[in-house]
Protein chains: 2
Amino acid sequence: MNHYDIIIIGSGAAGLSAGLYAGRYGLKALIIGAELGGETARAGVIENWPGDIEVEGFKLIMRMRDHAEKNGAEIVAGEVKSAEKSRDNFVITLTNGDTHTGTALILAQGSNRRRLGLPNEEELTGKGVHYCVTCDGPVYTDKTIAVVGGGDASVKGINLAAQYAKKIYLIVRGSEIKAEPINRERMEKLGEQMEVLFETEVKEIVGENILDHVVLSKEYNGSTNLDIDGLFIEIGAVPDGEVANQLGVSLDEYGYTAADTMMVTNVPGVFVAGDMVNIFGHFKQVVTAAATGSVAATSAFEYVKKHK
Amino acid sequence: MNHYDIIIIGSGAAGLSAGLYAGRYGLKALIIGAELGGETARAGVIENWPGDIEVEGFKLIMRMRDHAEKNGAEIVAGEVKSAEKSRDNFVITLTNGDTHTGTALILAQGSNRRRLGLPNEEELTGKGVHYCVTCDGPVYTDKTIAVVGGGDASVKGINLAAQYAKKIYLIVRGSEIKAEPINRERMEKLGEQMEVLFETEVKEIVGENILDHVVLSKEYNGSTNLDIDGLFIEIGAVPDGEVANQLGVSLDEYGYTAADTMMVTNVPGVFVAGDMVNIFGHFKQVVTAAATGSVAATSAFEYVKKHK
């Protein structure tokens, strides 16, 4: 069992930025991450991290990891099984049995992809059903895929997928696409390679061991069956609230952790950062994650000074 | 007279980040800056921009400028003389007489260095009296300098100045130095080259055309006169509120522009970002400036969509 001034759960842009700042404050910091890089690493090419016109998300994360380590933060790969507050410390137990204690805690766990909630969805995940076209799309070279969801992630993913997929359907529940104009314009230039099915939902996912087709809520080309090789569900994300719940951290009306602008929660010693917080509404970017990470570390530093 | 969807006043990290995002949103954006780079450009080596272990502030600003321009933002050097809201537009007039109109406005003007308010201070500015040891310190190679102020900027500046100055005094009004631990530790290793004068103030700045000495509030080595070649006043900054005042933007109790977390002010169409806002209290960093710039652009985009 090792004791740290501060334990940061989550090793995406928010957690790594918090680790860098914590290190600069002279705090002994541990970053625990189930998956290095979080959303940033999964984003493919990032064009809106100020100062880098184009950077591979994963490469940016490697730079942030090196930066945090350079400032003394330790990073371990692992999944948190339980978190509890003992008298003066937080006790964090990993699924591999390791236990660490910390004076302060920063939750920067990001969010999990939202699911359609259909039968077969879980069984076929990774077998034709995916949640990140940017990450898993390249497998479908010369194949037909469908992307569910009318947001920016879908459109950005389609623009990337267009480089290898034969045909792409975009299935949108409503009658509108809500993407950054620059990404929508690029998609509109794709022509017949892609087609948008508005006011359409996926009602069934059909396949044994591997995806065969989906059933749509309304006919397309005379049938509700749509034959595809890959289905990408990009309908947003829900914050990963399990550890927050265990610690009694209050959530806001959308299920995100509630915090003031200094990233202070209702539980003394627990701070939050990144996509778990709604400070900027639905606007969640690498730069806002990194900024809130730096703020959370600053608030945690103030706390540790008083409670060490 | 040119019309823009959005005019951004200020070309530091906040303004350039806002410009980059505005460009991505497809907005016609103009960035007007009195001094490219603001605080970031003046900061010397920056070690806490996530993903860059060490980067020259000015070089980081060049990257951000290129990034904003790459996304279509125009940047002009100029000082704003007046800003007013006409019926549907903001009219911005520069001191050179140029006029631009914008549907929305982002104020990202940062802050001005705080002055001691002593006689001679203004007359001797640039003639021995300075406000940024990082920027102007190198002139004092093998000379004796004094830095006023017990904050992080002073300590960081001293660590840099130690590479060339013969002797450095740090003049602190209180009995405490409030700097990042990593910077304080570095300073403490300097030994006799530097000396801290606690509970001491500068009462007079003496010199004709060039700084000769300062008079201290209490004796040091038997005299209140301290002979120095350069005086660096690093006692913080006050937000640049003139344009905000002209437009009727409300200020908070500290004189910073008041805005919600989406950077929306009380004046419809006016948004703010960077060091002009107190969203994260006194914690003002390159990464928080860049993040609030991206948020302000997002809110301005929503506004322009409705008012164009």
# chains A, B, ... in the order shown; residues from 1 in each chain; ligands from 1
$ interface_residues --of "chain B" --to "chain A" --cutoff "9 Å" --atoms "only C-alpha atoms" --output "count of residues only"
48
$ residues_around --residues "range 193-196 of chain A" --least-positions-apart "6" --cutoff "7 Å" --atoms "only C-alpha atoms" --output "mmCIF file with N, CA, C and O atoms, in the first residue's frame"
data_model
loop_
_atom_site.group_PDB
_atom_site.id
_atom_site.type_symbol
_atom_site.label_atom_id
_atom_site.label_comp_id
_atom_site.auth_asym_id
_atom_site.auth_seq_id
_atom_site.Cartn_x
_atom_site.Cartn_y
_atom_site.Cartn_z
ATOM 1 N N LYS A 166 -16.722 1.189 -48.655
ATOM 2 C CA LYS A 166 -17.329 1.266 -49.988
ATOM 3 C C LYS A 166 -18.568 2.142 -49.938
ATOM 4 O O LYS A 166 -18.779 3.000 -50.784
ATOM 5 N N LYS A 167 -19.381 1.916 -48.927
ATOM 6 C CA LYS A 167 -20.657 2.630 -48.808
ATOM 7 C C LYS A 167 -20.936 2.909 -47.333
ATOM 8 O O LYS A 167 -20.690 2.048 -46.481
ATOM 9 N N ILE A 168 -21.442 4.098 -47.069
ATOM 10 C CA ILE A 168 -21.712 4.489 -45.680
ATOM 11 C C ILE A 168 -23.132 5.037 -45.569
ATOM 12 O O ILE A 168 -23.528 5.933 -46.319
ATOM 13 N N TYR A 169 -23.910 4.495 -44.631
ATOM 14 C CA TYR A 169 -25.216 5.065 -44.310
ATOM 15 C C TYR A 169 -25.118 5.809 -42.995
ATOM 16 O O TYR A 169 -24.500 5.316 -42.042
ATOM 17 N N LEU A 170 -25.744 6.974 -42.957
ATOM 18 C CA LEU A 170 -25.848 7.692 -41.686
ATOM 19 C C LEU A 170 -27.309 7.655 -41.263
ATOM 20 O O LEU A 170 -28.189 8.143 -41.984
ATOM 21 N N ILE A 171 -27.556 7.013 -40.119
ATOM 22 C CA ILE A 171 -28.923 6.833 -39.631
ATOM 23 C C ILE A 171 -29.189 7.853 -38.527
ATOM 24 O O ILE A 171 -28.564 7.811 -37.465
#
$ atom_distance --atom1 "CA of Glu208 in chain A" --atom2 "CA of Lys156 in chain A"
29.8 Å
$ select_by_dssp --residues "range 65-286 of chain B" --states "strand (DSSP E or B)" --output "ChimeraX atom specification"
/B:74-77,80-85,90-94,99-107,111-113,125,129-130,144-148,151,167-171,178,194-197,202-207,211-220,223-227,230-233,237-239,251,257,264,270-272,277
$ atom_distance --atom1 "CA of Val139 in chain B" --atom2 "CA of Ile235 in chain B"
20.7 Å
$ residues_around --residues "range 218-222 of chain A" --least-positions-apart "2" --cutoff "10 Å" --atoms "only C-alpha atoms" --output "VMD selection string"
chain A and resid 197 to 203 215 to 216 224 to 226
$ residues_around --residues "Ala237 in chain A" --least-positions-apart "4" --cutoff "8 Å" --atoms "only C-alpha atoms" --output "ChimeraX atom specification"
/A:111-114
$ select_by_dssp --residues "range 170-217 of chain B" --states "helix (DSSP H, G or I)" --output "PyMOL selection string"
chain B and resi 181-188+191-193
$ write_last_selection --atoms "C-alpha atoms" --output "mmCIF file, in the first residue's frame"
data_model
loop_
_atom_site.group_PDB
_atom_site.id
_atom_site.type_symbol
_atom_site.label_atom_id
_atom_site.label_comp_id
_atom_site.auth_asym_id
_atom_site.auth_seq_id
_atom_site.Cartn_x
_atom_site.Cartn_y
_atom_site.Cartn_z
ATOM 1 C CA PRO B 181 6.878 25.014 -4.989
ATOM 2 C CA ILE B 182 8.993 23.958 -7.963
ATOM 3 C CA ASN B 183 9.908 27.593 -8.656
ATOM 4 C CA ARG B 184 10.559 28.435 -4.999
ATOM 5 C CA GLU B 185 12.865 25.437 -4.619
ATOM 6 C CA ARG B 186 14.869 26.550 -7.613
ATOM 7 C CA MET B 187 15.181 30.042 -6.166
ATOM 8 C CA GLU B 188 16.300 28.731 -2.799
ATOM 9 C CA GLY B 191 22.449 31.036 -2.531
ATOM 10 C CA GLU B 192 24.082 34.409 -1.934
ATOM 11 C CA GLN B 193 23.379 35.695 -5.414
#
$ atom_distance --atom1 "CA of Gly149 in chain B" --atom2 "CA of Ala22 in chain A"
24.1 Å
$ residues_around --residues "Glu242 in chain B" --least-positions-apart "6" --cutoff "10 Å" --atoms "only C-alpha atoms" --output "PyMOL selection string"
chain B and resi 80-83+109+248-249
$ write_last_selection --atoms "N, CA, C and O atoms" --output "PDB file, in the first residue's frame"
ATOM      1  N   VAL B  80      -7.670  49.321 -30.082  1.00  0.00           N
ATOM      2  CA  VAL B  80      -9.066  49.737 -30.192  1.00  0.00           C
ATOM      3  C   VAL B  80      -9.249  51.090 -29.527  1.00  0.00           C
ATOM      4  O   VAL B  80      -8.858  51.290 -28.375  1.00  0.00           O
ATOM      5  N   LYS B  81      -9.822  52.032 -30.298  1.00  0.00           N
ATOM      6  CA  LYS B  81     -10.085  53.357 -29.743  1.00  0.00           C
ATOM      7  C   LYS B  81     -11.478  53.376 -29.129  1.00  0.00           C
ATOM      8  O   LYS B  81     -11.686  53.872 -28.037  1.00  0.00           O
ATOM      9  N   SER B  82     -12.443  52.811 -29.843  1.00  0.00           N
ATOM     10  CA  SER B  82     -13.793  52.796 -29.295  1.00  0.00           C
ATOM     11  C   SER B  82     -14.579  51.608 -29.809  1.00  0.00           C
ATOM     12  O   SER B  82     -14.306  51.071 -30.886  1.00  0.00           O
ATOM     13  N   ALA B  83     -15.536  51.194 -28.999  1.00  0.00           N
ATOM     14  CA  ALA B  83     -16.416  50.081 -29.354  1.00  0.00           C
ATOM     15  C   ALA B  83     -17.824  50.486 -28.989  1.00  0.00           C
ATOM     16  O   ALA B  83     -18.069  50.942 -27.880  1.00  0.00           O
ATOM     17  N   GLN B 109      -8.894  40.629 -23.839  1.00  0.00           N
ATOM     18  CA  GLN B 109      -7.828  41.620 -23.793  1.00  0.00           C
ATOM     19  C   GLN B 109      -6.844  41.443 -22.658  1.00  0.00           C
ATOM     20  O   GLN B 109      -5.928  42.252 -22.496  1.00  0.00           O
ATOM     21  N   GLY B 248     -20.804  48.654 -21.702  1.00  0.00           N
ATOM     22  CA  GLY B 248     -21.723  48.401 -20.595  1.00  0.00           C
ATOM     23  C   GLY B 248     -21.675  46.990 -20.053  1.00  0.00           C
ATOM     24  O   GLY B 248     -22.638  46.505 -19.444  1.00  0.00           O
ATOM     25  N   VAL B 249     -20.534  46.307 -20.250  1.00  0.00           N
ATOM     26  CA  VAL B 249     -20.387  44.953 -19.710  1.00  0.00           C
ATOM     27  C   VAL B 249     -20.176  45.049 -18.194  1.00  0.00           C
ATOM     28  O   VAL B 249     -19.320  45.810 -17.723  1.00  0.00           O
TER      29      VAL B 249
END
$ residues_around --residues "Asp98 in chain B" --least-positions-apart "5" --cutoff "12 Å" --atoms "only C-alpha atoms" --output "PDB file with N, CA and C atoms, in the first residue's frame"
ATOM      1  N   MET B   1     -14.627  49.775 -44.524  1.00  0.00           N
ATOM      2  CA  MET B   1     -15.302  49.082 -43.400  1.00  0.00           C
ATOM      3  C   MET B   1     -15.631  47.641 -43.807  1.00  0.00           C
ATOM      4  N   ASN B   2     -15.118  46.706 -43.028  1.00  0.00           N
ATOM      5  CA  ASN B   2     -15.395  45.300 -43.301  1.00  0.00           C
ATOM      6  C   ASN B   2     -16.318  44.737 -42.237  1.00  0.00           C
ATOM      7  N   ILE B  32      -8.251  41.342 -33.430  1.00  0.00           N
ATOM      8  CA  ILE B  32      -7.531  42.616 -33.339  1.00  0.00           C
ATOM      9  C   ILE B  32      -6.665  42.573 -32.084  1.00  0.00           C
ATOM     10  N   VAL B  76      -5.216  41.306 -37.258  1.00  0.00           N
ATOM     11  CA  VAL B  76      -4.602  42.610 -37.526  1.00  0.00           C
ATOM     12  C   VAL B  76      -4.033  43.178 -36.234  1.00  0.00           C
ATOM     13  N   ALA B  77      -2.903  43.866 -36.388  1.00  0.00           N
ATOM     14  CA  ALA B  77      -2.304  44.546 -35.243  1.00  0.00           C
ATOM     15  C   ALA B  77      -2.968  45.910 -35.125  1.00  0.00           C
ATOM     16  N   GLY B  78      -3.397  46.250 -33.936  1.00  0.00           N
ATOM     17  CA  GLY B  78      -4.034  47.552 -33.786  1.00  0.00           C
ATOM     18  C   GLY B  78      -4.592  47.728 -32.398  1.00  0.00           C
ATOM     19  N   GLU B  79      -4.811  48.988 -32.061  1.00  0.00           N
ATOM     20  CA  GLU B  79      -5.352  49.293 -30.744  1.00  0.00           C
ATOM     21  C   GLU B  79      -6.781  49.788 -30.925  1.00  0.00           C
ATOM     22  N   VAL B  80      -7.670  49.321 -30.082  1.00  0.00           N
ATOM     23  CA  VAL B  80      -9.066  49.737 -30.192  1.00  0.00           C
ATOM     24  C   VAL B  80      -9.249  51.090 -29.527  1.00  0.00           C
ATOM     25  N   LYS B  81      -9.822  52.032 -30.298  1.00  0.00           N
ATOM     26  CA  LYS B  81     -10.085  53.357 -29.743  1.00  0.00           C
ATOM     27  C   LYS B  81     -11.478  53.376 -29.129  1.00  0.00           C
ATOM     28  N   SER B  82     -12.443  52.811 -29.843  1.00  0.00           N
ATOM     29  CA  SER B  82     -13.793  52.796 -29.295  1.00  0.00           C
ATOM     30  C   SER B  82     -14.579  51.608 -29.809  1.00  0.00           C
ATOM     31  N   VAL B  91     -19.591  48.177 -33.625  1.00  0.00           N
ATOM     32  CA  VAL B  91     -18.701  48.989 -34.463  1.00  0.00           C
ATOM     33  C   VAL B  91     -17.419  49.232 -33.681  1.00  0.00           C
ATOM     34  N   ILE B  92     -16.316  48.759 -34.244  1.00  0.00           N
ATOM     35  CA  ILE B  92     -15.025  48.856 -33.571  1.00  0.00           C
ATOM     36  C   ILE B  92     -14.138  49.810 -34.360  1.00  0.00           C
ATOM     37  N   THR B  93     -13.695  50.855 -33.712  1.00  0.00           N
ATOM     38  CA  THR B  93     -12.810  51.815 -34.373  1.00  0.00           C
ATOM     39  C   THR B  93     -11.421  51.724 -33.756  1.00  0.00           C
TER      40      THR B  93
END
$ residues_around --residues "Gly241 in chain B" --least-positions-apart "4" --cutoff "8 Å" --atoms "only C-alpha atoms" --output "count of residues only"
5
$ closest_residue --among "B:Thr265, B:Asp227, B:Gly174, B:Val238" --to "Ser250 in chain B" --atoms "only C-alpha atoms"
B:Thr265
$ closest_residue --among "B:Leu211, B:Ile7, B:Ile228, B:Val272" --to "Glu121 in chain B" --atoms "only C-alpha atoms"
B:Leu211
$ closest_residue --among "B:Tyr254, B:Thr101, B:Leu231, B:Gly44" --to "Asn159 in chain B" --atoms "only C-alpha atoms"
B:Gly44
$ decode --residues "range 186-233 of chain A" --atoms "N, CA and C atoms" --output "mmCIF file, in the first residue's frame"
data_model
loop_
_atom_site.group_PDB
_atom_site.id
_atom_site.type_symbol
_atom_site.label_atom_id
_atom_site.label_comp_id
_atom_site.auth_asym_id
_atom_site.auth_seq_id
_atom_site.Cartn_x
_atom_site.Cartn_y
_atom_site.Cartn_z
ATOM 1 N N ARG A 186 -17.397 18.830 -45.330
ATOM 2 C CA ARG A 186 -16.559 17.738 -45.866
ATOM 3 C C ARG A 186 -17.431 16.530 -46.197
ATOM 4 N N MET A 187 -18.373 16.212 -45.335
ATOM 5 C CA MET A 187 -19.228 15.044 -45.557
ATOM 6 C C MET A 187 -20.088 15.234 -46.801
ATOM 7 N N GLU A 188 -20.594 16.465 -46.966
ATOM 8 C CA GLU A 188 -21.470 16.729 -48.110
ATOM 9 C C GLU A 188 -20.755 16.556 -49.439
ATOM 10 N N LYS A 189 -19.440 16.659 -49.397
ATOM 11 C CA LYS A 189 -18.672 16.489 -50.634
ATOM 12 C C LYS A 189 -18.449 15.021 -50.997
ATOM 13 N N LEU A 190 -18.884 14.112 -50.137
ATOM 14 C CA LEU A 190 -18.599 12.690 -50.387
ATOM 15 C C LEU A 190 -19.444 12.122 -51.522
ATOM 16 N N GLY A 191 -20.596 12.740 -51.815
ATOM 17 C CA GLY A 191 -21.431 12.279 -52.923
ATOM 18 C C GLY A 191 -22.108 10.959 -52.619
ATOM 19 N N GLU A 192 -22.203 10.106 -53.644
ATOM 20 C CA GLU A 192 -23.014 8.881 -53.526
ATOM 21 C C GLU A 192 -22.433 7.827 -52.605
ATOM 22 N N GLN A 193 -21.191 8.004 -52.239
ATOM 23 C CA GLN A 193 -20.576 7.022 -51.339
ATOM 24 C C GLN A 193 -21.307 6.980 -49.997
ATOM 25 N N MET A 194 -21.986 8.091 -49.658
ATOM 26 C CA MET A 194 -22.700 8.106 -48.381
ATOM 27 C C MET A 194 -24.122 8.595 -48.559
ATOM 28 N N GLU A 195 -24.986 8.081 -47.698
ATOM 29 C CA GLU A 195 -26.394 8.434 -47.766
ATOM 30 C C GLU A 195 -26.928 8.674 -46.355
ATOM 31 N N VAL A 196 -27.768 9.698 -46.223
ATOM 32 C CA VAL A 196 -28.341 9.977 -44.906
ATOM 33 C C VAL A 196 -29.775 9.472 -44.860
ATOM 34 N N LEU A 197 -30.107 8.704 -43.833
ATOM 35 C CA LEU A 197 -31.476 8.233 -43.618
ATOM 36 C C LEU A 197 -32.040 9.001 -42.427
ATOM 37 N N PHE A 198 -32.789 10.067 -42.717
ATOM 38 C CA PHE A 198 -33.341 10.886 -41.639
ATOM 39 C C PHE A 198 -34.568 10.212 -41.024
ATOM 40 N N GLU A 199 -34.895 10.640 -39.837
ATOM 41 C CA GLU A 199 -36.086 10.157 -39.111
ATOM 42 C C GLU A 199 -36.183 8.643 -39.134
ATOM 43 N N THR A 200 -35.052 8.040 -38.925
ATOM 44 C CA THR A 200 -34.963 6.578 -38.972
ATOM 45 C C THR A 200 -34.221 6.094 -37.725
ATOM 46 N N GLU A 201 -34.726 4.949 -37.183
ATOM 47 C CA GLU A 201 -34.036 4.347 -36.045
ATOM 48 C C GLU A 201 -33.704 2.893 -36.341
ATOM 49 N N VAL A 202 -32.692 2.391 -35.646
ATOM 50 C CA VAL A 202 -32.392 0.963 -35.716
ATOM 51 C C VAL A 202 -33.273 0.263 -34.683
ATOM 52 N N LYS A 203 -34.118 -0.674 -35.149
ATOM 53 C CA LYS A 203 -35.038 -1.360 -34.231
ATOM 54 C C LYS A 203 -34.502 -2.715 -33.788
ATOM 55 N N GLU A 204 -33.745 -3.364 -34.688
ATOM 56 C CA GLU A 204 -33.189 -4.678 -34.327
ATOM 57 C C GLU A 204 -31.782 -4.829 -34.871
ATOM 58 N N ILE A 205 -30.978 -5.512 -34.118
ATOM 59 C CA ILE A 205 -29.641 -5.878 -34.582
ATOM 60 C C ILE A 205 -29.669 -7.388 -34.799
ATOM 61 N N VAL A 206 -29.460 -7.823 -36.026
ATOM 62 C CA VAL A 206 -29.637 -9.240 -36.348
ATOM 63 C C VAL A 206 -28.307 -9.874 -36.733
ATOM 64 N N GLY A 207 -28.057 -11.048 -36.183
ATOM 65 C CA GLY A 207 -26.836 -11.762 -36.519
ATOM 66 C C GLY A 207 -26.525 -12.821 -35.478
ATOM 67 N N GLU A 208 -25.871 -13.910 -35.903
ATOM 68 C CA GLU A 208 -25.421 -14.907 -34.935
ATOM 69 C C GLU A 208 -23.917 -14.914 -34.927
ATOM 70 N N ASN A 209 -23.351 -14.557 -33.820
ATOM 71 C CA ASN A 209 -21.893 -14.442 -33.659
ATOM 72 C C ASN A 209 -21.277 -13.299 -34.456
ATOM 73 N N ILE A 210 -21.966 -12.904 -35.516
ATOM 74 C CA ILE A 210 -21.456 -11.772 -36.295
ATOM 75 C C ILE A 210 -22.647 -11.018 -36.876
ATOM 76 N N LEU A 211 -22.522 -9.722 -36.968
ATOM 77 C CA LEU A 211 -23.620 -8.894 -37.470
ATOM 78 C C LEU A 211 -24.006 -9.291 -38.898
ATOM 79 N N ASP A 212 -25.283 -9.434 -39.132
ATOM 80 C CA ASP A 212 -25.758 -9.749 -40.480
ATOM 81 C C ASP A 212 -26.466 -8.535 -41.095
ATOM 82 N N HIS A 213 -27.454 -8.025 -40.417
ATOM 83 C CA HIS A 213 -28.130 -6.811 -40.892
ATOM 84 C C HIS A 213 -28.853 -6.147 -39.736
ATOM 85 N N VAL A 214 -29.386 -4.961 -39.998
ATOM 86 C CA VAL A 214 -30.224 -4.298 -38.995
ATOM 87 C C VAL A 214 -31.614 -4.089 -39.574
ATOM 88 N N VAL A 215 -32.592 -3.952 -38.666
ATOM 89 C CA VAL A 215 -33.963 -3.655 -39.081
ATOM 90 C C VAL A 215 -34.246 -2.190 -38.733
ATOM 91 N N LEU A 216 -34.692 -1.452 -39.730
ATOM 92 C CA LEU A 216 -34.941 -0.021 -39.551
ATOM 93 C C LEU A 216 -36.396 0.250 -39.165
ATOM 94 N N SER A 217 -36.636 1.409 -38.604
ATOM 95 C CA SER A 217 -37.992 1.782 -38.197
ATOM 96 C C SER A 217 -38.843 2.187 -39.402
ATOM 97 N N LYS A 218 -38.191 2.520 -40.530
ATOM 98 C CA LYS A 218 -38.984 2.769 -41.733
ATOM 99 C C LYS A 218 -38.221 2.286 -42.964
ATOM 100 N N GLU A 219 -38.980 2.057 -44.015
ATOM 101 C CA GLU A 219 -38.380 1.441 -45.204
ATOM 102 C C GLU A 219 -37.341 2.332 -45.870
ATOM 103 N N TYR A 220 -36.327 1.646 -46.379
ATOM 104 C CA TYR A 220 -35.339 2.320 -47.216
ATOM 105 C C TYR A 220 -35.182 1.431 -48.444
ATOM 106 N N ASN A 221 -35.369 1.990 -49.648
ATOM 107 C CA ASN A 221 -35.313 1.205 -50.890
ATOM 108 C C ASN A 221 -36.252 0.005 -50.842
ATOM 109 N N GLY A 222 -37.437 0.204 -50.278
ATOM 110 C CA GLY A 222 -38.453 -0.848 -50.298
ATOM 111 C C GLY A 222 -38.341 -1.905 -49.225
ATOM 112 N N SER A 223 -37.411 -1.737 -48.266
ATOM 113 C CA SER A 223 -37.280 -2.760 -47.222
ATOM 114 C C SER A 223 -36.857 -2.120 -45.906
ATOM 115 N N THR A 224 -37.253 -2.717 -44.800
ATOM 116 C CA THR A 224 -36.759 -2.218 -43.510
ATOM 117 C C THR A 224 -35.459 -2.924 -43.138
ATOM 118 N N ASN A 225 -35.094 -3.953 -43.904
ATOM 119 C CA ASN A 225 -33.808 -4.614 -43.652
ATOM 120 C C ASN A 225 -32.675 -3.849 -44.349
ATOM 121 N N LEU A 226 -31.620 -3.590 -43.618
ATOM 122 C CA LEU A 226 -30.466 -2.925 -44.224
ATOM 123 C C LEU A 226 -29.245 -3.814 -44.019
ATOM 124 N N ASP A 227 -28.713 -4.318 -45.128
ATOM 125 C CA ASP A 227 -27.534 -5.197 -45.039
ATOM 126 C C ASP A 227 -26.275 -4.366 -44.871
ATOM 127 N N ILE A 228 -25.593 -4.589 -43.813
ATOM 128 C CA ILE A 228 -24.339 -3.863 -43.581
ATOM 129 C C ILE A 228 -23.312 -4.810 -42.970
ATOM 130 N N ASP A 229 -22.060 -4.448 -43.121
ATOM 131 C CA ASP A 229 -20.992 -5.246 -42.505
ATOM 132 C C ASP A 229 -20.651 -4.744 -41.106
ATOM 133 N N GLY A 230 -20.783 -3.425 -40.942
ATOM 134 C CA GLY A 230 -20.437 -2.856 -39.630
ATOM 135 C C GLY A 230 -21.445 -1.807 -39.203
ATOM 136 N N LEU A 231 -21.781 -1.811 -37.903
ATOM 137 C CA LEU A 231 -22.699 -0.814 -37.342
ATOM 138 C C LEU A 231 -21.954 -0.009 -36.287
ATOM 139 N N PHE A 232 -21.934 1.304 -36.473
ATOM 140 C CA PHE A 232 -21.245 2.172 -35.513
ATOM 141 C C PHE A 232 -22.259 3.048 -34.794
ATOM 142 N N ILE A 233 -22.353 2.843 -33.498
ATOM 143 C CA ILE A 233 -23.336 3.565 -32.694
ATOM 144 C C ILE A 233 -22.633 4.752 -32.040
#
